[in-house]
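K.L.:
A single structure is presented below for examination.
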Amino acid sequence: MKKLSVVFPVILLLFVSCQNKETQAALDEVKAKSELEEQNKALVEKYLQTWNSQNFQIMDECLDDEFKIYLPSNTGQPMSLEKSKEWIDGLFATYPDIHYEIQDMLVDNDKVCVRWTCTATYQPDPGDPTNRKEITGSAIEIYRVVNGKITEERVESDTQGWNQQMGL
Amino acid sequence: MKKAFILLPFFLFFIVGCQYKEGQAALDQMETKAALEQQNKDLIVKYIQAWNNQDMEVMDGCLDPDFKVYIPSSAEEPMSLEQFREWLKVILTAFPDSHYEAEDIFCERNRICVRWTYSATQQGEYMGMPASGRKVSVSAIEIFRVGNGKILEERTEMDALGLMQQLGLVTLGK
């Protein structure tokens with residue numbers, strides 16, 4: 001009887017600690033996923049900040065060598081990293097004070113969705129600084145992040161509204 | 001000494017059991033979150049299917065009475081449910097073969113992101129333009145917000161300029 005009272009708790013302990021290990025493994029997996037998601041979100045936030053600071057060095061650090069921009073989101077001809085840089089250069093030249101603000105952000109594994117608005121001053125005639133227009137825009141994007149680098153940026157933006165404000 | 005020998009496994013059992021309960025509670029919480037996200041995703045899939053089937057009853061069942069549509073995504077004056085229904089009639093009259101194909105769909109808690117491609121033929125009047133028989137293919141990304149099993153909000157950015165070009169309402173380079 002005495003023996004049994006010793007053996008019984010030991011068996012129970014073994015049983016519970018086994019279950020505990022399984023639970024812990026499942027929990028670790030979930031935690032790793034949520035940590036990765038937080039990292040992916042932070043990376044996209046850091047990248048979008050460089051659109052405000054126009055810091056190409058940090059921008060470069062965020063992007064994978066195989067980075068592609070899809071504009072519109074399902075285009076069969078995405079821009080390569082080189083082409084994207086040229087395009088962004090042109091954008092900053094046309095709208096030197098362009099400013100982006102994140103309105104919403106959600107993440108699932110490697111995908112990060114961002115909704116943003118932006119404002120910029122448009123100067124139709126560079127020789128006439130009094131002729132200025134404040135323009136606002138909006139967009140929703142999907143980023144894909146692999147191994148801590150952005151590999152893909154798919155964009156849908158209110159191009160039509162933007163053009164209308166510019167008087168095009 | 002004998003006593004300690006008996007008590008120790010009990011004590012250990014108690015500690016391990018406690019840890020197990022905490023771990024299990026955290027895991028249950030995560031599982032509830034995952035289940036809710038799946039339900040939210042399913043709701044959006046059902047809503048898109050209702051669009052494709054032009055099934056107003058199913059569509060209505062997905063939408064909250066306070067449902068609002070933002071096109072573009074930061075529109076200051078979103079459409080109400082009533083306005084949305086009117087707009088839907090206009091779209092489905094002009095483009096009776098409207099079809100939405102979800103290319104990507106993912107969710108975090110109460111928000112769902114969908115990337116889709118829309119295809120249709122203009123078979124009725126649209127924006128003052130008579131039926132042209134033109135085929136269009138347009139892409140979009142949306143964010144839905146869901147609460148209590150109903151869609152509260154739909155925010156859309158679509159390639160409207162591309163749509164206008166395909167319909168011949170806008171020419172590039174102008």
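For the structure tokens, the naming scheme is as follows: chains receive sequential letters (A, B, ...) according to their order of presentation, residues are indexed from 1 within each chain, and ligands are indexed from 1 in presentation order.
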Residues at most 12 Å from segment 30-36 of chain B, counting only C-alpha atoms, excluding those fewer than 6 positions away in the same chain, as number ranges by chain?
P.N.:
A: 23, 26-31, 33-34, 108; B: 23-24, 42-43, 106-112, 146-149
K.L.:
Could you list, as a PyMOL selection string, the residues of chain A having an atom within 9 Å of chain B when counting only C-alpha atoms?
P.N.:
chain A and resi 5-6+9-10+12-14+16-17+19-21+23-24+26-27+30+72-75+103+106-108+111+113+115-117+137-142+154-161+168
K.L.:
Could you go through chain A and tell me which residues DSSP, when run on the backbone, assigns to alpha helix (DSSP H), listing them as a ChimeraX atom specification?
P.N.:
/A:2-53,56-62,81-94,159-166
K.L.:
With only C-alpha atoms as the counted atoms, please give the residues lying no more than 12 Å from Ala50 of chain B, apart from itself and same-chain residues fewer than 2 positions off, as a list of chain:residue names.
P.N.:
B:Leu43, B:Ile44, B:Val45, B:Lys46, B:Tyr47, B:Ile48, B:Asn52, B:Asn53, B:Gln54, B:Asp55, B:Met56, B:Glu57, B:Val58, B:Met59, B:Asp60, B:Gly61, B:Cys62, B:Leu63, B:Ser98, B:His99, B:Tyr100
K.L.:
List every residue of segment 27-170 of chain B that DSSP, applied to the backbone of this structure, assigns to strand (DSSP E), and report them as a PyMOL selection string.
P.N.:
chain B and resi 63-70+99-108+111-121+135-147+150-158
K.L.:
Which residues are close to Met166 of chain A, i.e. within 10 Å by only C-alpha atoms, leaving aside same-chain residues fewer than 2 positions away? Reply as a list in words.
P.N.:
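Surrounding residues, per the criterion: Tyr122, Gln123, Pro124, Lys133, Glu134, Ile135, Gln160, Gly161, Trp162, Asn163, Gln164 and Leu168 of chain A.
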K.L.:
Between atom CA of Pro78 of chain B and atom CA of Gln38 of chain B, what is the distance in Å, rounded to a tenth?
P.N.:
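Taking atom CA of Pro78 of chain B and atom CA of Gln38 of chain B, their separation equals 27.0 Å.
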K.L.:
Could you please determine the separation between atom CA of Val145 of chain A and atom CA of Tyr100 of chain A in Å, to one decimal place?
P.N.:
20.5 Å
